[in-house]
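Participant: File name upload_31.csv; file contents CSV, C-alpha atoms; full text below.
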chain,number,residue,atom,x,y,z
A,1,MET,CA,5.3,30.2,-4.9
A,2,THR,CA,1.7,30.1,-3.9
A,3,TYR,CA,0.4,28.6,-0.7
A,4,ASP,CA,-2.9,27.3,-2.0
A,5,HIS,CA,-1.7,23.8,-1.5
A,6,ILE,CA,-1.2,24.2,2.2
A,7,LEU,CA,-4.8,23.5,3.2
A,8,PRO,CA,-5.1,20.2,1.2
A,9,THR,CA,-1.8,19.1,2.5
A,10,ARG,CA,-2.9,19.7,6.1
A,11,LEU,CA,-6.1,18.0,5.3
A,12,VAL,CA,-4.2,14.9,4.2
A,13,TRP,CA,-2.2,14.9,7.4
A,14,ILE,CA,-5.3,15.1,9.5
A,15,LEU,CA,-6.7,12.1,7.5
A,16,LEU,CA,-3.4,10.3,8.0
A,17,LEU,CA,-3.7,10.7,11.8
A,18,SER,CA,-7.2,9.4,11.7
A,19,ALA,CA,-6.1,6.4,9.7
A,20,ALA,CA,-3.1,5.8,12.0
A,21,SER,CA,-5.6,5.6,14.9
A,22,ALA,CA,-7.5,3.0,13.0
A,23,SER,CA,-4.3,1.1,12.3
A,24,CYS,CA,-3.4,1.2,16.0
A,25,ALA,CA,-6.7,-0.3,16.9
A,26,SER,CA,-6.0,-3.1,14.5
A,27,ASP,CA,-2.5,-3.6,15.9
A,28,ALA,CA,-4.0,-3.8,19.3
A,29,GLY,CA,-5.8,-7.0,18.3
A,30,GLU,CA,-9.3,-5.9,17.4
A,31,PRO,CA,-10.7,-8.1,14.6
A,32,THR,CA,-10.7,-6.6,11.1
A,33,GLU,CA,-13.5,-7.3,8.8
A,34,ARG,CA,-12.0,-6.5,5.5
A,35,SER,CA,-9.4,-8.8,3.8
A,36,TYR,CA,-7.0,-7.8,1.0
A,37,ALA,CA,-8.6,-7.8,-2.4
A,38,LYS,CA,-6.1,-10.2,-4.0
A,39,ASP,CA,-4.4,-13.1,-2.4
A,40,VAL,CA,-0.9,-11.7,-3.0
A,41,LEU,CA,0.7,-11.4,0.4
A,42,VAL,CA,2.1,-14.4,2.1
A,43,ASP,CA,3.3,-14.8,5.7
A,44,THR,CA,6.0,-16.7,7.5
A,45,GLU,CA,3.9,-19.8,7.9
A,46,TRP,CA,3.1,-19.9,4.2
A,47,VAL,CA,6.7,-19.6,3.2
A,48,GLU,CA,7.7,-22.3,5.6
A,49,ALA,CA,5.0,-24.6,4.3
A,50,ASN,CA,6.1,-24.1,0.7
A,51,MET,CA,9.9,-24.4,1.2
A,52,GLU,CA,10.0,-27.7,-0.5
A,53,ASN,CA,7.4,-26.8,-3.2
A,54,SER,CA,9.2,-26.9,-6.6
A,55,ASP,CA,6.4,-24.7,-8.0
A,56,VAL,CA,7.3,-21.9,-5.7
A,57,ARG,CA,10.5,-19.7,-5.9
A,58,LEU,CA,11.7,-17.2,-3.4
A,59,LEU,CA,13.4,-14.2,-4.8
A,60,GLU,CA,15.2,-11.6,-2.6
A,61,VAL,CA,15.2,-8.2,-4.2
A,62,GLY,CA,16.7,-5.0,-2.8
A,63,GLY,CA,19.7,-5.1,-0.6
A,64,ASN,CA,22.8,-6.5,-2.3
A,65,ALA,CA,24.6,-9.7,-3.0
A,66,ASN,CA,26.9,-9.3,0.1
A,67,ALA,CA,23.9,-8.8,2.4
A,68,PHE,CA,22.2,-11.8,0.7
A,69,ALA,CA,25.3,-14.0,1.3
A,70,GLU,CA,25.4,-13.0,5.0
A,71,GLY,CA,21.8,-14.3,5.5
A,72,HIS,CA,18.7,-14.9,3.5
A,73,LEU,CA,15.5,-17.0,3.5
A,74,PRO,CA,16.4,-20.6,3.0
A,75,GLY,CA,16.3,-21.6,-0.7
A,76,ALA,CA,16.0,-18.0,-2.0
A,77,SER,CA,17.8,-16.6,-4.9
A,78,PHE,CA,19.1,-13.0,-5.2
A,79,LEU,CA,18.1,-10.7,-8.0
A,80,SER,CA,19.5,-7.2,-8.1
A,81,MET,CA,16.9,-4.5,-8.7
A,82,GLY,CA,19.3,-3.0,-11.3
A,83,ARG,CA,18.5,-6.0,-13.5
A,84,LEU,CA,14.9,-4.9,-13.6
A,85,SER,CA,15.6,-1.4,-14.9
A,86,ASN,CA,16.8,-0.3,-18.4
A,87,PRO,CA,20.3,1.3,-18.4
A,88,ASP,CA,19.8,2.5,-21.9
A,89,ASP,CA,16.6,4.5,-21.2
A,90,PRO,CA,17.4,8.3,-21.2
A,91,VAL,CA,15.1,8.6,-18.2
A,92,ARG,CA,17.0,6.9,-15.3
A,93,GLY,CA,15.5,3.9,-13.6
A,94,GLN,CA,12.8,3.1,-16.1
A,95,ILE,CA,11.5,-0.4,-16.3
A,96,ALA,CA,13.6,-2.9,-18.1
A,97,THR,CA,12.7,-4.1,-21.6
A,98,ALA,CA,11.1,-7.5,-22.0
A,99,ALA,CA,14.4,-8.9,-23.2
A,100,GLN,CA,16.2,-7.5,-20.2
A,101,VAL,CA,13.6,-8.9,-17.8
A,102,SER,CA,13.7,-12.3,-19.6
A,103,ALA,CA,17.5,-12.4,-19.2
A,104,ALA,CA,17.3,-11.4,-15.5
A,105,LEU,CA,14.7,-14.0,-14.6
A,106,SER,CA,16.4,-16.7,-16.7
A,107,SER,CA,19.6,-16.1,-14.7
A,108,VAL,CA,17.9,-17.1,-11.5
A,109,GLY,CA,16.2,-20.1,-13.2
A,110,LEU,CA,12.7,-18.9,-13.0
A,111,GLY,CA,9.8,-20.4,-15.0
A,112,ARG,CA,6.8,-18.6,-16.2
A,113,ASP,CA,4.5,-21.1,-14.6
A,114,GLN,CA,6.1,-20.9,-11.1
A,115,THR,CA,4.8,-18.9,-8.2
A,116,VAL,CA,7.3,-16.1,-7.4
A,117,VAL,CA,7.5,-14.9,-3.9
A,118,LEU,CA,9.4,-11.6,-3.7
A,119,TYR,CA,10.8,-10.2,-0.5
A,120,ASP,CA,13.2,-7.5,0.6
A,121,ARG,CA,14.8,-6.0,3.6
A,122,ARG,CA,12.9,-2.8,4.2
A,123,ASN,CA,9.2,-1.9,4.0
A,124,ASN,CA,8.3,-4.1,1.0
A,125,LEU,CA,9.5,-1.3,-1.2
A,126,SER,CA,11.8,-3.2,-3.6
A,127,ALA,CA,9.4,-6.2,-3.5
A,128,ALA,CA,6.5,-4.0,-4.6
A,129,ARG,CA,8.5,-2.4,-7.4
A,130,ALA,CA,9.6,-5.9,-8.6
A,131,TYR,CA,6.1,-7.2,-8.3
A,132,TRP,CA,4.9,-4.3,-10.5
A,133,VAL,CA,7.6,-5.1,-13.1
A,134,LEU,CA,6.7,-8.8,-13.2
A,135,LYS,CA,3.0,-8.0,-13.5
A,136,TYR,CA,3.7,-5.5,-16.3
A,137,TYR,CA,5.3,-8.4,-18.2
A,138,GLN,CA,2.3,-10.6,-17.2
A,139,HIS,CA,3.9,-13.2,-14.9
A,140,THR,CA,0.7,-14.9,-13.6
A,141,ASP,CA,1.4,-15.8,-10.0
A,142,VAL,CA,3.5,-13.2,-8.1
A,143,ARG,CA,3.3,-12.8,-4.3
A,144,ILE,CA,5.1,-10.7,-1.7
A,145,TYR,CA,6.4,-12.1,1.6
A,146,ASN,CA,5.0,-9.4,3.8
A,147,GLY,CA,7.8,-7.8,5.8
A,148,GLY,CA,10.8,-9.6,4.3
A,149,THR,CA,13.9,-10.5,6.3
A,150,PRO,CA,13.0,-8.3,9.3
A,151,LYS,CA,9.7,-10.1,9.6
A,152,TRP,CA,11.4,-13.5,9.2
A,153,ALA,CA,13.7,-12.6,12.1
A,154,GLU,CA,10.9,-11.1,14.1
A,155,ASP,CA,9.0,-14.4,13.8
A,156,GLY,CA,12.0,-16.2,15.2
A,157,ARG,CA,13.2,-17.9,12.1
A,158,ALA,CA,16.9,-18.2,11.2
A,159,LEU,CA,18.4,-16.8,8.0
A,160,SER,CA,20.5,-19.1,5.9
A,161,THR,CA,24.0,-18.6,4.5
A,162,GLU,CA,23.7,-21.6,2.2
A,163,ILE,CA,23.5,-20.6,-1.5
A,164,THR,CA,21.0,-22.7,-3.4
A,165,GLU,CA,22.0,-23.1,-7.1
A,166,TYR,CA,19.3,-23.1,-9.8
A,167,GLU,CA,19.9,-24.0,-13.4
A,168,PRO,CA,19.4,-21.0,-15.7
A,169,SER,CA,16.1,-21.1,-17.5
A,170,ASN,CA,14.8,-19.8,-20.7
A,171,TYR,CA,12.3,-17.3,-19.3
A,172,ARG,CA,10.3,-15.3,-21.8
A,173,ALA,CA,8.5,-12.2,-20.5
A,174,GLY,CA,5.0,-11.7,-21.7
A,175,SER,CA,3.8,-8.7,-23.6
A,176,PRO,CA,3.6,-5.4,-21.5
A,177,ASP,CA,0.4,-4.6,-19.8
A,178,PRO,CA,-0.2,-0.9,-20.7
A,179,GLU,CA,-3.0,-0.7,-18.1
A,180,ILE,CA,-0.6,-0.5,-15.1
A,181,ARG,CA,2.0,1.9,-16.4
A,182,THR,CA,1.7,5.3,-17.9
A,183,THR,CA,3.7,7.9,-19.8
A,184,TRP,CA,4.4,11.7,-19.6
A,185,GLN,CA,2.0,12.3,-22.5
A,186,TYR,CA,-0.8,10.4,-20.8
A,187,VAL,CA,-0.2,12.2,-17.6
A,188,VAL,CA,-0.3,15.6,-19.2
A,189,ASP,CA,-3.5,14.6,-21.1
A,190,HIS,CA,-5.2,13.7,-17.9
A,191,THR,CA,-4.3,16.6,-15.6
A,192,ASP,CA,-7.7,18.2,-16.2
A,193,ASP,CA,-9.6,14.9,-16.3
A,194,PRO,CA,-12.1,14.9,-13.4
A,195,ALA,CA,-12.2,11.1,-13.5
A,196,THR,CA,-8.4,10.9,-12.8
A,197,LEU,CA,-6.7,11.6,-9.6
A,198,PHE,CA,-2.9,11.8,-9.1
A,199,CYS,CA,-1.3,10.3,-6.0
A,200,ASP,CA,2.0,11.9,-5.1
A,201,THR,CA,3.7,9.3,-3.0
A,202,ARG,CA,6.8,11.5,-2.2
A,203,SER,CA,7.5,13.4,1.0
A,204,PRO,CA,5.5,16.6,1.8
A,205,ASP,CA,8.7,18.7,1.1
A,206,GLU,CA,9.1,17.1,-2.4
A,207,HIS,CA,5.4,17.7,-3.1
A,208,LEU,CA,5.6,21.3,-2.1
A,209,GLY,CA,8.7,22.0,-4.1
A,210,LEU,CA,10.8,22.6,-1.0
A,211,ASP,CA,13.0,19.5,-1.7
A,212,VAL,CA,13.8,19.7,-5.4
A,213,ARG,CA,15.3,16.7,-7.1
A,214,ALA,CA,14.9,17.7,-10.8
A,215,GLU,CA,15.2,20.9,-12.8
A,216,ARG,CA,12.0,22.1,-11.2
A,217,GLY,CA,10.2,21.3,-8.0
A,218,GLY,CA,6.5,20.9,-7.2
A,219,HIS,CA,3.9,18.5,-8.2
A,220,ILE,CA,1.6,17.5,-11.0
A,221,PRO,CA,-1.4,19.8,-10.9
A,222,GLY,CA,-4.2,18.6,-8.7
A,223,SER,CA,-2.3,15.8,-7.2
A,224,ILE,CA,-2.8,14.8,-3.5
A,225,ASN,CA,0.2,14.1,-1.4
A,226,LEU,CA,0.0,10.8,0.5
A,227,GLU,CA,3.5,9.5,1.2
A,228,TRP,CA,4.0,5.8,0.5
A,229,THR,CA,5.2,5.2,4.1
A,230,ALA,CA,1.7,5.8,5.4
A,231,ALA,CA,0.8,2.3,4.2
A,232,VAL,CA,3.5,0.6,6.2
A,233,ASN,CA,3.5,-0.6,9.8
A,234,SER,CA,6.4,0.1,12.1
A,235,ASN,CA,7.8,-3.5,11.4
A,236,GLY,CA,7.8,-2.9,7.6
A,237,THR,CA,4.6,-4.9,6.8
A,238,PHE,CA,1.6,-3.5,5.0
A,239,LYS,CA,-1.2,-2.1,7.2
A,240,SER,CA,-4.4,-4.0,7.4
A,241,ALA,CA,-7.0,-3.7,4.7
A,242,ASP,CA,-9.3,-1.7,7.0
A,243,ALA,CA,-6.5,0.8,7.8
A,244,LEU,CA,-5.5,1.1,4.1
A,245,ALA,CA,-9.1,1.6,3.0
A,246,ALA,CA,-9.6,4.3,5.6
A,247,LEU,CA,-6.3,6.0,4.7
A,248,TYR,CA,-6.7,6.1,1.0
A,249,GLY,CA,-10.4,6.5,0.9
A,250,GLY,CA,-10.3,9.2,3.4
A,251,ALA,CA,-7.7,11.1,1.4
A,252,GLY,CA,-10.1,11.0,-1.6
A,253,PHE,CA,-8.7,8.0,-3.5
A,254,THR,CA,-11.8,6.1,-4.4
A,255,PRO,CA,-12.2,3.1,-6.7
A,256,ASP,CA,-14.6,4.9,-9.1
A,257,ARG,CA,-11.7,7.1,-10.4
A,258,GLN,CA,-8.6,6.3,-12.3
A,259,ILE,CA,-5.6,6.8,-10.0
A,260,ILE,CA,-2.1,7.6,-11.3
A,261,THR,CA,0.7,7.1,-8.7
A,262,TYR,CA,4.1,8.8,-9.0
A,263,CYS,CA,7.2,9.7,-7.0
A,264,GLN,CA,10.7,10.5,-8.2
A,265,SER,CA,11.6,7.4,-10.2
A,266,GLY,CA,8.5,5.1,-10.1
A,267,VAL,CA,9.6,3.0,-7.1
A,268,ARG,CA,7.5,4.6,-4.3
A,269,GLY,CA,4.8,5.0,-6.9
A,270,ALA,CA,4.9,1.2,-7.5
A,271,HIS,CA,4.5,0.6,-3.8
A,272,THR,CA,1.3,2.7,-3.6
A,273,TRP,CA,0.2,1.1,-6.9
A,274,PHE,CA,0.5,-2.3,-5.2
A,275,VAL,CA,-1.6,-1.0,-2.2
A,276,LEU,CA,-4.4,0.4,-4.4
A,277,SER,CA,-4.5,-2.1,-7.1
A,278,GLU,CA,-3.6,-5.4,-5.4
A,279,LEU,CA,-4.5,-4.9,-1.7
A,280,LEU,CA,-7.5,-2.7,-2.1
A,281,GLY,CA,-8.6,-3.9,-5.5
A,282,TYR,CA,-9.1,-0.6,-7.2
A,283,PRO,CA,-9.8,-1.3,-10.9
A,284,SER,CA,-7.8,1.4,-12.6
A,285,VAL,CA,-4.4,2.3,-11.2
A,286,ARG,CA,-1.4,3.2,-13.2
A,287,ASN,CA,2.2,3.9,-12.0
A,288,TYR,CA,3.9,6.8,-13.8
A,289,ASP,CA,7.3,5.2,-14.2
A,290,GLY,CA,9.0,8.4,-15.4
A,291,SER,CA,7.7,10.2,-12.3
A,292,TRP,CA,9.4,13.5,-11.2
A,293,GLY,CA,12.7,12.5,-12.6
A,294,GLU,CA,11.1,12.9,-16.0
A,295,TYR,CA,8.2,15.3,-15.3
A,296,GLY,CA,10.2,17.8,-13.4
A,297,ASN,CA,13.0,17.9,-16.0
A,298,ASN,CA,10.6,18.5,-18.9
A,299,PRO,CA,10.1,22.3,-19.5
A,300,GLU,CA,6.7,21.6,-21.0
A,301,SER,CA,5.3,20.0,-17.9
A,302,PRO,CA,2.5,21.9,-16.1
A,303,ILE,CA,3.6,22.2,-12.5
A,304,GLU,CA,2.1,23.4,-9.2
A,305,SER,CA,4.2,24.2,-6.2
B,1,MET,CA,42.7,11.5,4.6
B,2,ALA,CA,41.0,8.7,2.7
B,3,PRO,CA,37.5,9.4,1.8
B,4,THR,CA,34.7,8.0,3.9
B,5,LYS,CA,32.9,5.2,1.9
B,6,LEU,CA,29.2,4.5,1.7
B,7,ASP,CA,28.0,1.5,-0.2
B,8,VAL,CA,24.3,1.8,-1.1
B,9,ARG,CA,24.3,-0.9,-3.8
B,10,GLY,CA,21.0,-2.6,-3.9
B,11,GLU,CA,19.2,0.3,-2.3
B,12,ILE,CA,16.6,2.0,-4.4
B,13,CYS,CA,14.9,5.4,-4.4
B,14,PRO,CA,14.7,7.2,-2.0
B,15,TYR,CA,17.2,5.4,0.2
B,16,PRO,CA,20.5,6.0,-1.7
B,17,MET,CA,19.9,9.7,-1.4
B,18,MET,CA,18.6,9.6,2.2
B,19,ARG,CA,21.6,7.6,3.4
B,20,THR,CA,24.0,9.8,1.5
B,21,VAL,CA,22.5,13.0,3.0
B,22,SER,CA,22.7,11.4,6.5
B,23,ALA,CA,26.4,10.5,5.9
B,24,LEU,CA,27.2,13.9,4.6
B,25,LYS,CA,25.7,15.5,7.7
B,26,LYS,CA,27.9,13.2,9.9
B,27,LEU,CA,31.1,14.1,8.2
B,28,SER,CA,33.5,15.8,10.6
B,29,SER,CA,34.9,19.2,9.7
B,30,ASP,CA,38.2,17.7,8.5
B,31,GLU,CA,36.5,15.2,6.2
B,32,ARG,CA,36.3,16.6,2.7
B,33,VAL,CA,35.2,13.6,0.6
B,34,LEU,CA,32.4,11.0,0.8
B,35,GLU,CA,32.6,8.2,-1.7
B,36,VAL,CA,29.2,6.6,-2.5
B,37,VAL,CA,28.8,3.5,-4.6
B,38,THR,CA,25.4,2.9,-6.1
B,39,ASP,CA,23.7,0.7,-8.7
B,40,HIS,CA,20.5,2.7,-8.8
B,41,ALA,CA,20.6,5.1,-11.8
B,42,PRO,CA,18.0,7.6,-10.4
B,43,ALA,CA,20.4,8.3,-7.6
B,44,LEU,CA,22.8,9.9,-10.1
B,45,GLU,CA,20.3,12.8,-10.2
B,46,THR,CA,19.0,12.9,-6.6
B,47,ILE,CA,22.4,12.6,-4.8
B,48,PRO,CA,24.1,15.5,-6.6
B,49,THR,CA,21.1,17.7,-6.1
B,50,GLN,CA,21.0,17.1,-2.4
B,51,ALA,CA,24.7,17.2,-2.0
B,52,ALA,CA,24.8,20.7,-3.7
B,53,ARG,CA,22.2,21.9,-1.2
B,54,LEU,CA,24.5,20.9,1.6
B,55,GLY,CA,27.6,22.6,0.0
B,56,PHE,CA,29.2,19.7,-1.8
B,57,ARG,CA,30.1,19.1,-5.4
B,58,THR,CA,29.9,15.7,-7.1
B,59,ASP,CA,31.9,13.7,-9.6
B,60,ILE,CA,30.3,10.6,-11.0
B,61,GLN,CA,32.4,7.7,-12.4
B,62,GLU,CA,30.9,4.7,-14.0
B,63,THR,CA,32.8,1.7,-12.5
B,64,GLY,CA,30.9,-1.2,-14.2
B,65,ALA,CA,27.8,-2.2,-15.8
B,66,SER,CA,25.1,-0.1,-14.1
B,67,GLU,CA,27.3,0.7,-11.2
B,68,TRP,CA,28.8,4.1,-10.3
B,69,ARG,CA,31.1,5.8,-7.8
B,70,ILE,CA,30.1,9.3,-6.7
B,71,LEU,CA,32.8,11.3,-5.2
B,72,ILE,CA,31.2,14.1,-3.1
B,73,THR,CA,33.6,16.8,-2.1
B,74,ARG,CA,33.0,19.7,0.2
B,75,ASN,CA,33.1,23.0,-1.6
B,76,GLU,CA,36.0,25.3,-1.0
B,77,ALA,CA,33.7,28.1,0.1
B,78,GLU,CA,32.4,25.7,2.8
B,79,ASP,CA,35.9,25.0,3.9
B,80,GLU,CA,36.6,28.7,4.3
B,81,ALA,CA,33.4,29.4,6.1
Would you write out, as structure tokens, the structure that this file holds?

Facilitator:
Amino acid sequence: MTYDHILPTRLVWILLLSAASASCASDAGEPTERSYAKDVLVDTEWVEANMENSDVRLLEVGGNANAFAEGHLPGASFLSMGRLSNPDDPVRGQIATAAQVSAALSSVGLGRDQTVVLYDRRNNLSAARAYWVLKYYQHTDVRIYNGGTPKWAEDGRALSTEITEYEPSNYRAGSPDPEIRTTWQYVVDHTDDPATLFCDTRSPDEHLGLDVRAERGGHIPGSINLEWTAAVNSNGTFKSADALAALYGGAGFTPDRQIITYCQSGVRGAHTWFVLSELLGYPSVRNYDGSWGEYGNNPESPIES
Amino acid sequence: MAPTKLDVRGEICPYPMMRTVSALKKLSSDERVLEVVTDHAPALETIPTQAARLGFRTDIQETGASEWRILITRNEAEDEA
């Protein structure tokens, strides 16, 4: 093992601390000037105002059916994250096919023209992954309820145990958007591309190859480690646009470059994809769905550790 | 002794592995087996890897469509140590 990576990793942590300070200032009530690039986050008041809106559907993702039955946002439906992955793909956890996504969304009675509001129970992680899946299949209007059930409770709202039934629909997923997802070959072809930057959203130990979850440990050459949790406030909501811009810009992720996010199975990578593409408005961001589960198991992958 | 059970259905990467590691570390010395139920396929690779690091072996059983039971058993060498 070489230790050439230590300096950049420390540098990122210094930047993280700087950004955390900026976030604290924001949390303390100072006004923020920047707004999110896209209008894709909704808050408690927005959800309440749209409870009776038939054009809006609430979908709980993450957690499980038992937890959903014990309490959920009123009017919401539950969709298992497993329905959005492809059990037949040799790389575990890969995005579901268009047919599988169509079947999953039909089962909860969703229409292509409806606004989908996704939420989960922890850090918007499942919601961001589900958002990425729906955008990949070009559902037009997808939002995330920022903070999910913990935020709903924090804001003093009651969870419901009443199950709202929806008639199954005939949802048809759109064609895949290749601009937001990438493959092993594309990754390997761009490891020496100066216009491309890899964002390793895993933990520092995974990045350094100290926590190995595939045949080999380490990271994609040249990638910068910025763990996905850095984008999240202590209550599970996304940090402010100002804080996120300072965090990612300070770490070297600038909008003039193509950024490829990755993790172990494309979930944490999707969370950071959401931050960069949707909240900060970076024009070229792709999530490497295969991530380390594929890359680290392929003996032909160039690896740094 | 019946195995300790951990249901992480609905949890996605990295939480199934993280919760499993936490549960393994909390097992008492006379507890040999942790039974984990998951519906997140990537956990079938990450959980065995981490369990092995902690001195456990794993046996994966498919219990339904995209749902698995992972029996995580303390290695004999660990028992003797």

Participant: Taking only C-alpha atoms into account, find every residue of chain A that has an atom no more than 6 Å from chain B, and write it out as a list of chain:residue names.

Facilitator: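 So the contacting residues turn out to be A:Gly62, A:Gly63, A:Asn64, A:Arg92, A:Gly93, A:Arg213.
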
Participant: Hey, can you check how far atom CA of A:Pro299 sits from atom CA of A:Ser284?

Facilitator: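 Calculated distance between atom CA of A:Pro299 and atom CA of A:Ser284 is 28.4 Å.
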
Participant: Could you tell me how far atom CA of A:Val47 lies from atom CA of A:Ser80, in Å and to one decimal?

Facilitator: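 The value is 21.1 Å.
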
Participant: In file coordinates, which residues lie within 6 Å of (26.1, 7.4, -1.7) using all atoms listed in the file, given as an MDAnalysis selection string?

Facilitator: chainID B and resid 6 8 16 20 36:37

Participant: Would you save the residues of that selection, restricted to C-alpha atoms, as an mmCIF file, keeping the file's coordinate frame?

Facilitator:
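Saved the output as result32.cif:
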data_model
loop_
_atom_site.group_PDB
_atom_site.id
_atom_site.type_symbol
_atom_site.label_atom_id
_atom_site.label_comp_id
_atom_site.auth_asym_id
_atom_site.auth_seq_id
_atom_site.Cartn_x
_atom_site.Cartn_y
_atom_site.Cartn_z
ATOM 1 C CA LEU B 6 29.200 4.500 1.700
ATOM 2 C CA VAL B 8 24.300 1.800 -1.100
ATOM 3 C CA PRO B 16 20.500 6.000 -1.700
ATOM 4 C CA THR B 20 24.000 9.800 1.500
ATOM 5 C CA VAL B 36 29.200 6.600 -2.500
ATOM 6 C CA VAL B 37 28.800 3.500 -4.600
#

Participant: Just the number, please: distance in Å from atom CA of A:Thr237 to atom CA of A:Asn123, one decimal.

Facilitator: 6.2 Å

Participant: Give me stretch 20-38 of chain B with N, CA and C atoms filled in, as an mmCIF file, in the coordinates of the input.

Facilitator:
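Produced file out.cif, reproduced below:
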data_model
loop_
_atom_site.group_PDB
_atom_site.id
_atom_site.type_symbol
_atom_site.label_atom_id
_atom_site.label_comp_id
_atom_site.auth_asym_id
_atom_site.auth_seq_id
_atom_site.Cartn_x
_atom_site.Cartn_y
_atom_site.Cartn_z
ATOM 1 N N THR B 20 22.877 8.955 1.845
ATOM 2 C CA THR B 20 24.000 9.800 1.500
ATOM 3 C C THR B 20 23.881 11.158 2.272
ATOM 4 N N VAL B 21 22.699 11.722 2.305
ATOM 5 C CA VAL B 21 22.500 13.000 3.000
ATOM 6 C C VAL B 21 22.860 12.775 4.517
ATOM 7 N N SER B 22 22.423 11.654 5.071
ATOM 8 C CA SER B 22 22.700 11.400 6.500
ATOM 9 C C SER B 22 24.249 11.275 6.680
ATOM 10 N N ALA B 23 24.938 10.607 5.748
ATOM 11 C CA ALA B 23 26.400 10.500 5.900
ATOM 12 C C ALA B 23 27.106 11.789 5.718
ATOM 13 N N LEU B 24 26.617 12.625 4.808
ATOM 14 C CA LEU B 24 27.200 13.900 4.600
ATOM 15 C C LEU B 24 27.109 14.785 5.888
ATOM 16 N N LYS B 25 25.964 14.697 6.507
ATOM 17 C CA LYS B 25 25.700 15.500 7.700
ATOM 18 C C LYS B 25 26.596 15.009 8.892
ATOM 19 N N LYS B 26 27.040 13.760 8.801
ATOM 20 C CA LYS B 26 27.900 13.200 9.900
ATOM 21 C C LYS B 26 29.355 13.398 9.662
ATOM 22 N N LEU B 27 29.725 13.899 8.478
ATOM 23 C CA LEU B 27 31.100 14.100 8.200
ATOM 24 C C LEU B 27 31.715 15.113 9.212
ATOM 25 N N SER B 28 32.883 14.818 9.714
ATOM 26 C CA SER B 28 33.500 15.800 10.600
ATOM 27 C C SER B 28 34.103 16.922 9.768
ATOM 28 N N SER B 29 34.477 17.984 10.428
ATOM 29 C CA SER B 29 34.900 19.200 9.700
ATOM 30 C C SER B 29 36.194 18.946 8.900
ATOM 31 N N ASP B 30 36.984 17.949 9.297
ATOM 32 C CA ASP B 30 38.200 17.700 8.500
ATOM 33 C C ASP B 30 38.034 16.613 7.475
ATOM 34 N N GLU B 31 36.819 16.116 7.318
ATOM 35 C CA GLU B 31 36.500 15.200 6.200
ATOM 36 C C GLU B 31 35.991 15.910 5.045
ATOM 37 N N ARG B 32 36.653 15.788 3.914
ATOM 38 C CA ARG B 32 36.300 16.600 2.700
ATOM 39 C C ARG B 32 35.510 15.763 1.703
ATOM 40 N N VAL B 33 35.697 14.444 1.693
ATOM 41 C CA VAL B 33 35.200 13.600 0.600
ATOM 42 C C VAL B 33 34.373 12.445 1.124
ATOM 43 N N LEU B 34 33.229 12.251 0.525
ATOM 44 C CA LEU B 34 32.400 11.000 0.800
ATOM 45 C C LEU B 34 32.360 10.283 -0.554
ATOM 46 N N GLU B 35 32.674 9.005 -0.522
ATOM 47 C CA GLU B 35 32.600 8.200 -1.700
ATOM 48 C C GLU B 35 31.394 7.266 -1.620
ATOM 49 N N VAL B 36 30.479 7.422 -2.564
ATOM 50 C CA VAL B 36 29.200 6.600 -2.500
ATOM 51 C C VAL B 36 29.258 5.673 -3.745
ATOM 52 N N VAL B 37 28.930 4.441 -3.491
ATOM 53 C CA VAL B 37 28.800 3.500 -4.600
ATOM 54 C C VAL B 37 27.346 3.072 -4.699
ATOM 55 N N THR B 38 26.813 3.197 -5.903
ATOM 56 C CA THR B 38 25.400 2.900 -6.100
ATOM 57 C C THR B 38 25.204 2.144 -7.435
#
